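*Asks:* First, the structure itself, so that you have it in front of you.
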Amino acid sequence: MTRTGTVVLLGARGDAHVQEVARRLRAEDVDTAVVDTRAFPEETRLSLTESLDGIVVDGRELGRPAAVYLRGLHAHPLAFGVDAQEAMDADWRTTLTAFREKSALLLGLLSRWERLGVPLYNPPSSDWSMHKPAQLAALRDAGFPVPRTLWTNDAEAVRRFAREGRVVYKPVAGGAATRELREADLTDERLAALSAAPVTFQELLPGENLRVYVLDGAVIASLRIVSSSLDFRQHEERIEQVTLPPEVAHGCVKACEVLGLRWTGMDLKRDADGAPRVLELNGSAMFLGFDARGGTDVAGHLTRALARHARGG
């Protein structure tokens, strides 16, 4: 077997995406290391020295890998797959402090690899763009079509925004379903909830949902999601592959470049005129479900990209 460089996968060892990419890499005889971030610091052992490449994980030196796929850091009590309820109930301050320290070391690890020139899917320098108020504004500033959007905790600003047409609302950081804003939501009592947390309000787009995967400057998959639900995640009736017009495909690639992403799963939705508008770009998009139901091979494309780096390509 020809020795390859090492590809590092960061995420929970039990995560289906990590497992599938690891399985495919090993099937191609690519040296693969999984850094289980969900098990850190309880089980995963990580040591960094003052040298940029002074990196040891579970007793193995991983100074300068060939490439890194970041699935997730699990660096917050609310992160997907993290169960910190018991620890938070027992001592929330100590628990939050521990997660802060965990995050600092893991981000330091990723930043070292970026500094060393390791190809990262995706790099920490793109983290700013994962904050939706920054992401959509940056895309609009670069000329991309995005929905009319308001992020606020100001009740009167919401009422003014709602006068201009149908509106949906959702969390600023995501996680909950998108809902349509109704007249009953504009009462003083309902809008008083904004004093607890800001909310995203956005123009309702009535057209079809599109998911586009971009990898290393090329569209590798594009799908139409057929759903009668406002938020397709609540009920995906059908997922079909589609061919994007060249100008739309080019725009998806350019959007990645604007945000500094090597790869993404990008959500678009058509407006009343049928024109696609950008909703968001995901820094660590899920893809196995789309591959299974839509007949795409995002997993294969990603694996081959990582393998090329491992072989020096």
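Following the order of the structure tokens, chains are lettered A, B, ..., residues in each are numbered from 1, and ligands are numbered from 1.
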Give me, as a list in words, all polymer residues having an atom no more than 9 Å from A:Val30, counting only C-alpha atoms and skipping those fewer than 3 positions away in the same chain.

*Replies:* Arg3, Thr4, Gly5, Thr6, Val7, Arg24, Leu25, Arg26, Ala27, Ala307, Ala310 and Arg311 of chain A

*Asks:* Got time to write the residues from that selection, C-alpha atoms, as a PDB file, in the first residue's frame?

*Replies:*
ATOM      1  CA  ARG A   3       1.554   5.642   2.159  1.00  0.00           C
ATOM      2  CA  THR A   4      -0.650   8.733   2.039  1.00  0.00           C
ATOM      3  CA  GLY A   5      -0.811  11.876   4.102  1.00  0.00           C
ATOM      4  CA  THR A   6      -3.254  11.852   6.999  1.00  0.00           C
ATOM      5  CA  VAL A   7      -6.782  13.185   6.691  1.00  0.00           C
ATOM      6  CA  ARG A  24     -14.860   5.748   2.362  1.00  0.00           C
ATOM      7  CA  LEU A  25     -11.390   7.158   3.015  1.00  0.00           C
ATOM      8  CA  ARG A  26     -10.195   3.893   4.511  1.00  0.00           C
ATOM      9  CA  ALA A  27     -11.673   2.007   1.566  1.00  0.00           C
ATOM     10  CA  ALA A 307      -8.162  11.781  -0.672  1.00  0.00           C
ATOM     11  CA  ALA A 310      -3.736  12.963   1.067  1.00  0.00           C
ATOM     12  CA  ARG A 311      -2.061  11.777  -2.145  1.00  0.00           C
TER      13      ARG A 311
END

*Asks:* Could you write out, as a VMD selection string, all the residues of stretch 123-202 of chain A that DSSP marks as alpha helix (DSSP H)?

*Replies:* chain A and resid 132 to 141 155 to 162 188 to 191

*Asks:* Any chance you could export the current selection's C-alpha atoms as a PDB file, in the first residue's frame?

*Replies:*
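As a result, result-v5.pdb now contains:
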ATOM      1  CA  LYS A 132     -26.511  34.996   9.756  1.00  0.00           C
ATOM      2  CA  PRO A 133     -26.804  38.790  10.232  1.00  0.00           C
ATOM      3  CA  ALA A 134     -23.242  39.104   8.919  1.00  0.00           C
ATOM      4  CA  GLN A 135     -23.617  36.428   6.235  1.00  0.00           C
ATOM      5  CA  LEU A 136     -26.704  37.773   4.474  1.00  0.00           C
ATOM      6  CA  ALA A 137     -25.493  41.368   4.670  1.00  0.00           C
ATOM      7  CA  ALA A 138     -22.126  40.396   3.155  1.00  0.00           C
ATOM      8  CA  LEU A 139     -23.843  38.503   0.344  1.00  0.00           C
ATOM      9  CA  ARG A 140     -26.204  41.382  -0.415  1.00  0.00           C
ATOM     10  CA  ASP A 141     -23.275  43.803  -0.382  1.00  0.00           C
ATOM     11  CA  ALA A 155     -41.403  45.566  18.665  1.00  0.00           C
ATOM     12  CA  GLU A 156     -42.142  48.701  16.650  1.00  0.00           C
ATOM     13  CA  ALA A 157     -39.499  47.770  14.085  1.00  0.00           C
ATOM     14  CA  VAL A 158     -41.254  44.421  13.657  1.00  0.00           C
ATOM     15  CA  ARG A 159     -44.628  46.080  13.111  1.00  0.00           C
ATOM     16  CA  ARG A 160     -43.171  48.423  10.490  1.00  0.00           C
ATOM     17  CA  PHE A 161     -41.461  45.514   8.750  1.00  0.00           C
ATOM     18  CA  ALA A 162     -44.684  43.477   8.691  1.00  0.00           C
ATOM     19  CA  ASP A 188     -47.904  43.850  22.792  1.00  0.00           C
ATOM     20  CA  GLU A 189     -48.084  40.610  24.756  1.00  0.00           C
ATOM     21  CA  ARG A 190     -46.523  38.493  22.007  1.00  0.00           C
ATOM     22  CA  LEU A 191     -43.869  41.013  21.040  1.00  0.00           C
TER      23      LEU A 191
END

*Asks:* Select from stretch 82-187 of chain A everything DSSP, run on the backbone, classes as strand (DSSP E or B), then give the selection as a PyMOL selection string.

*Replies:* chain A and resi 120-121+149-152+167-170+179-180

*Asks:* Given only C-alpha atoms, how would the per-residue table for stretch 7-113 of chain A near stretch 167-176 of chain A read, listing every residue at most 12 Å away with its closest atom pair and distance in Å to one decimal, sorted by chain and number, as a tab-separated table?

*Replies:*
residue	atom	partner	partner_atom	distance
A:Leu78	CA	A:Gly175	CA	10.1
A:Ala79	CA	A:Gly175	CA	10.0
A:Phe80	CA	A:Gly175	CA	9.3

*Asks:* Please dump the current selection as a compact mmCIF listing (two decimals), in the first residue's frame; keep C-alpha atoms.

*Replies:*
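Now in out_13.txt:
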# COMPACT_ATOMS: atom_id res chain seq x y z
CA LEU A 78 -26.50 23.79 23.32
CA ALA A 79 -24.52 22.25 20.45
CA PHE A 80 -26.20 19.42 18.55

*Asks:* Just want the 10 Å neighbourhood of A:Gly59, counted on only C-alpha atoms, with same-chain residues fewer than 3 positions away dropped. Output as a ChimeraX atom specification.

*Replies:* /A:44-47,55-56,62

*Asks:* Determine, counting only C-alpha atoms, which protein, DNA and RNA residues have an atom within 7 Å of an atom of A:Leu150; residues of the same chain fewer than 6 positions away are not included. Present the result as a ChimeraX atom specification.

*Replies:* /A:200-202

*Asks:* Please list as a list in words every residue within 7 Å of A:Ile239, counting only C-alpha atoms and excluding residues in the same chain fewer than 5 positions away.

*Replies:*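 Close residues of A:Ile239: Leu223, Arg224, Ile225, Val226, Arg293 and Gly294 of chain A.
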
*Asks:* What does the structure give for the distance between atom CA of A:Thr264 and atom CA of A:His301, in Å to one decimal?

*Replies:*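 One can read the atom CA of A:Thr264 to atom CA of A:His301 distance as 12.3 Å.
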
*Asks:* Of the candidates A:Arg182, A:Arg38, A:Arg112, A:His17, which shows the shortest atom-to-atom distance to A:Arg64, using only C-alpha atoms?

*Replies:*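 Of the candidates, the smallest distance to A:Arg64 is held by A:Arg112.
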
*Asks:* Looking at only C-alpha atoms, which of A:Gly207, A:Pro147, A:Pro246, A:Gly63 is the one that sits closest to A:Asp273?

*Replies:* A:Gly207

*Asks:* Which residues are near A:Met266? Cut-off 12 Å, only C-alpha atoms, ignore same chain within fewer than 2 positions. Put them as a PDB file with N, CA and C atoms, in the first residue's frame.

*Replies:*
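Result file result-v4.pdb:
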ATOM      1  N   ASN A 209     -37.937  25.270  -2.765  1.00  0.00           N
ATOM      2  CA  ASN A 209     -36.670  25.245  -2.044  1.00  0.00           C
ATOM      3  C   ASN A 209     -35.613  24.536  -2.876  1.00  0.00           C
ATOM      4  N   LEU A 210     -34.400  25.060  -2.845  1.00  0.00           N
ATOM      5  CA  LEU A 210     -33.269  24.448  -3.529  1.00  0.00           C
ATOM      6  C   LEU A 210     -32.136  24.229  -2.537  1.00  0.00           C
ATOM      7  N   ARG A 211     -31.462  23.107  -2.649  1.00  0.00           N
ATOM      8  CA  ARG A 211     -30.237  22.854  -1.879  1.00  0.00           C
ATOM      9  C   ARG A 211     -29.115  22.624  -2.893  1.00  0.00           C
ATOM     10  N   VAL A 212     -28.049  23.398  -2.759  1.00  0.00           N
ATOM     11  CA  VAL A 212     -26.922  23.325  -3.684  1.00  0.00           C
ATOM     12  C   VAL A 212     -25.652  23.061  -2.885  1.00  0.00           C
ATOM     13  N   TYR A 213     -24.895  22.066  -3.299  1.00  0.00           N
ATOM     14  CA  TYR A 213     -23.616  21.756  -2.661  1.00  0.00           C
ATOM     15  C   TYR A 213     -22.482  22.251  -3.551  1.00  0.00           C
ATOM     16  N   VAL A 214     -21.577  23.013  -2.940  1.00  0.00           N
ATOM     17  CA  VAL A 214     -20.412  23.544  -3.642  1.00  0.00           C
ATOM     18  C   VAL A 214     -19.164  23.025  -2.948  1.00  0.00           C
ATOM     19  N   LEU A 215     -18.206  22.552  -3.721  1.00  0.00           N
ATOM     20  CA  LEU A 215     -16.966  21.997  -3.176  1.00  0.00           C
ATOM     21  C   LEU A 215     -15.795  22.426  -4.052  1.00  0.00           C
ATOM     22  N   VAL A 219     -19.999  23.372  -8.349  1.00  0.00           N
ATOM     23  CA  VAL A 219     -21.257  22.801  -7.866  1.00  0.00           C
ATOM     24  C   VAL A 219     -21.193  21.293  -8.080  1.00  0.00           C
ATOM     25  N   ILE A 220     -21.356  20.522  -6.996  1.00  0.00           N
ATOM     26  CA  ILE A 220     -21.280  19.059  -7.103  1.00  0.00           C
ATOM     27  C   ILE A 220     -22.656  18.400  -7.012  1.00  0.00           C
ATOM     28  N   ALA A 221     -23.665  19.144  -6.568  1.00  0.00           N
ATOM     29  CA  ALA A 221     -25.025  18.603  -6.496  1.00  0.00           C
ATOM     30  C   ALA A 221     -26.002  19.755  -6.338  1.00  0.00           C
ATOM     31  N   SER A 222     -27.161  19.620  -6.975  1.00  0.00           N
ATOM     32  CA  SER A 222     -28.230  20.610  -6.802  1.00  0.00           C
ATOM     33  C   SER A 222     -29.555  19.870  -6.801  1.00  0.00           C
ATOM     34  N   LEU A 223     -30.392  20.216  -5.838  1.00  0.00           N
ATOM     35  CA  LEU A 223     -31.638  19.484  -5.642  1.00  0.00           C
ATOM     36  C   LEU A 223     -32.800  20.422  -5.402  1.00  0.00           C
ATOM     37  N   ARG A 224     -33.983  19.970  -5.824  1.00  0.00           N
ATOM     38  CA  ARG A 224     -35.238  20.642  -5.522  1.00  0.00           C
ATOM     39  C   ARG A 224     -35.910  19.872  -4.390  1.00  0.00           C
ATOM     40  N   VAL A 248     -26.801  30.823 -12.218  1.00  0.00           N
ATOM     41  CA  VAL A 248     -27.112  30.509 -10.823  1.00  0.00           C
ATOM     42  C   VAL A 248     -25.995  29.664 -10.217  1.00  0.00           C
ATOM     43  N   ALA A 249     -25.524  28.664 -10.961  1.00  0.00           N
ATOM     44  CA  ALA A 249     -24.424  27.827 -10.481  1.00  0.00           C
ATOM     45  C   ALA A 249     -23.181  28.672 -10.222  1.00  0.00           C
ATOM     46  N   GLY A 251     -23.123  31.812  -9.488  1.00  0.00           N
ATOM     47  CA  GLY A 251     -23.389  32.625  -8.307  1.00  0.00           C
ATOM     48  C   GLY A 251     -23.177  31.853  -7.021  1.00  0.00           C
ATOM     49  N   CYS A 252     -23.546  30.579  -7.006  1.00  0.00           N
ATOM     50  CA  CYS A 252     -23.355  29.753  -5.811  1.00  0.00           C
ATOM     51  C   CYS A 252     -21.869  29.602  -5.496  1.00  0.00           C
ATOM     52  N   VAL A 253     -21.065  29.396  -6.530  1.00  0.00           N
ATOM     53  CA  VAL A 253     -19.618  29.281  -6.337  1.00  0.00           C
ATOM     54  C   VAL A 253     -19.047  30.598  -5.819  1.00  0.00           C
ATOM     55  N   LYS A 254     -19.486  31.707  -6.390  1.00  0.00           N
ATOM     56  CA  LYS A 254     -18.986  33.019  -5.959  1.00  0.00           C
ATOM     57  C   LYS A 254     -19.398  33.331  -4.530  1.00  0.00           C
ATOM     58  N   ALA A 255     -20.592  32.894  -4.126  1.00  0.00           N
ATOM     59  CA  ALA A 255     -21.033  33.123  -2.747  1.00  0.00           C
ATOM     60  C   ALA A 255     -20.095  32.444  -1.764  1.00  0.00           C
ATOM     61  N   CYS A 256     -19.647  31.233  -2.103  1.00  0.00           N
ATOM     62  CA  CYS A 256     -18.669  30.536  -1.263  1.00  0.00           C
ATOM     63  C   CYS A 256     -17.389  31.355  -1.134  1.00  0.00           C
ATOM     64  N   LEU A 259     -17.619  34.305   1.248  1.00  0.00           N
ATOM     65  CA  LEU A 259     -17.639  33.937   2.665  1.00  0.00           C
ATOM     66  C   LEU A 259     -16.410  33.153   3.096  1.00  0.00           C
ATOM     67  N   LEU A 261     -15.477  30.030   2.170  1.00  0.00           N
ATOM     68  CA  LEU A 261     -15.789  28.623   2.406  1.00  0.00           C
ATOM     69  C   LEU A 261     -15.206  27.742   1.306  1.00  0.00           C
ATOM     70  N   TRP A 263     -16.274  24.622   1.149  1.00  0.00           N
ATOM     71  CA  TRP A 263     -17.408  23.785   0.754  1.00  0.00           C
ATOM     72  C   TRP A 263     -18.627  24.218   1.544  1.00  0.00           C
ATOM     73  N   THR A 264     -19.813  23.930   0.994  1.00  0.00           N
ATOM     74  CA  THR A 264     -21.041  24.320   1.688  1.00  0.00           C
ATOM     75  C   THR A 264     -22.237  23.558   1.140  1.00  0.00           C
ATOM     76  N   LEU A 268     -31.450  27.936  -1.012  1.00  0.00           N
ATOM     77  CA  LEU A 268     -32.062  29.021  -1.774  1.00  0.00           C
ATOM     78  C   LEU A 268     -33.559  28.777  -1.846  1.00  0.00           C
ATOM     79  N   LYS A 269     -34.304  29.839  -2.075  1.00  0.00           N
ATOM     80  CA  LYS A 269     -35.754  29.716  -2.218  1.00  0.00           C
ATOM     81  C   LYS A 269     -36.211  30.714  -3.275  1.00  0.00           C
ATOM     82  N   PRO A 276     -34.401  32.670  -7.734  1.00  0.00           N
ATOM     83  CA  PRO A 276     -33.866  32.130  -6.480  1.00  0.00           C
ATOM     84  C   PRO A 276     -33.160  33.199  -5.663  1.00  0.00           C
ATOM     85  N   ARG A 277     -33.421  33.175  -4.369  1.00  0.00           N
ATOM     86  CA  ARG A 277     -32.725  34.079  -3.451  1.00  0.00           C
ATOM     87  C   ARG A 277     -31.997  33.246  -2.402  1.00  0.00           C
ATOM     88  N   VAL A 278     -30.889  33.756  -1.942  1.00  0.00           N
ATOM     89  CA  VAL A 278     -30.056  33.017  -0.995  1.00  0.00           C
ATOM     90  C   VAL A 278     -30.621  33.147   0.413  1.00  0.00           C
ATOM     91  N   LEU A 279     -30.860  32.012   1.060  1.00  0.00           N
ATOM     92  CA  LEU A 279     -31.275  32.004   2.461  1.00  0.00           C
ATOM     93  C   LEU A 279     -30.080  31.854   3.386  1.00  0.00           C
ATOM     94  N   GLU A 280     -29.220  30.868   3.095  1.00  0.00           N
ATOM     95  CA  GLU A 280     -28.039  30.689   3.937  1.00  0.00           C
ATOM     96  C   GLU A 280     -27.067  29.705   3.311  1.00  0.00           C
ATOM     97  N   LEU A 281     -25.811  29.815   3.755  1.00  0.00           N
ATOM     98  CA  LEU A 281     -24.772  28.850   3.435  1.00  0.00           C
ATOM     99  C   LEU A 281     -24.340  28.194   4.737  1.00  0.00           C
ATOM    100  N   ASN A 282     -24.292  26.882   4.753  1.00  0.00           N
ATOM    101  CA  ASN A 282     -23.948  26.129   5.955  1.00  0.00           C
ATOM    102  C   ASN A 282     -22.476  25.746   5.933  1.00  0.00           C
ATOM    103  N   GLY A 283     -21.797  25.976   7.034  1.00  0.00           N
ATOM    104  CA  GLY A 283     -20.375  25.667   7.105  1.00  0.00           C
ATOM    105  C   GLY A 283     -20.077  24.197   7.290  1.00  0.00           C
ATOM    106  N   SER A 284     -21.037  23.439   7.801  1.00  0.00           N
ATOM    107  CA  SER A 284     -20.861  21.993   7.976  1.00  0.00           C
ATOM    108  C   SER A 284     -22.187  21.323   7.658  1.00  0.00           C
ATOM    109  N   ALA A 285     -22.523  21.336   6.397  1.00  0.00           N
ATOM    110  CA  ALA A 285     -23.843  20.881   5.964  1.00  0.00           C
ATOM    111  C   ALA A 285     -23.988  19.366   6.055  1.00  0.00           C
ATOM    112  N   MET A 286     -25.185  18.915   6.441  1.00  0.00           N
ATOM    113  CA  MET A 286     -25.508  17.495   6.363  1.00  0.00           C
ATOM    114  C   MET A 286     -25.776  17.135   4.904  1.00  0.00           C
ATOM    115  N   PHE A 287     -25.452  15.907   4.541  1.00  0.00           N
ATOM    116  CA  PHE A 287     -25.634  15.509   3.143  1.00  0.00           C
ATOM    117  C   PHE A 287     -26.098  14.071   2.961  1.00  0.00           C
TER     118      PHE A 287
END

*Asks:* Just how far from atom CA of A:Leu116 is atom CA of A:Leu48, in Å to one decimal?

*Replies:*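 Spanning atom CA of A:Leu48 to atom CA of A:Leu116 is a straight-line distance of 14.2 Å.
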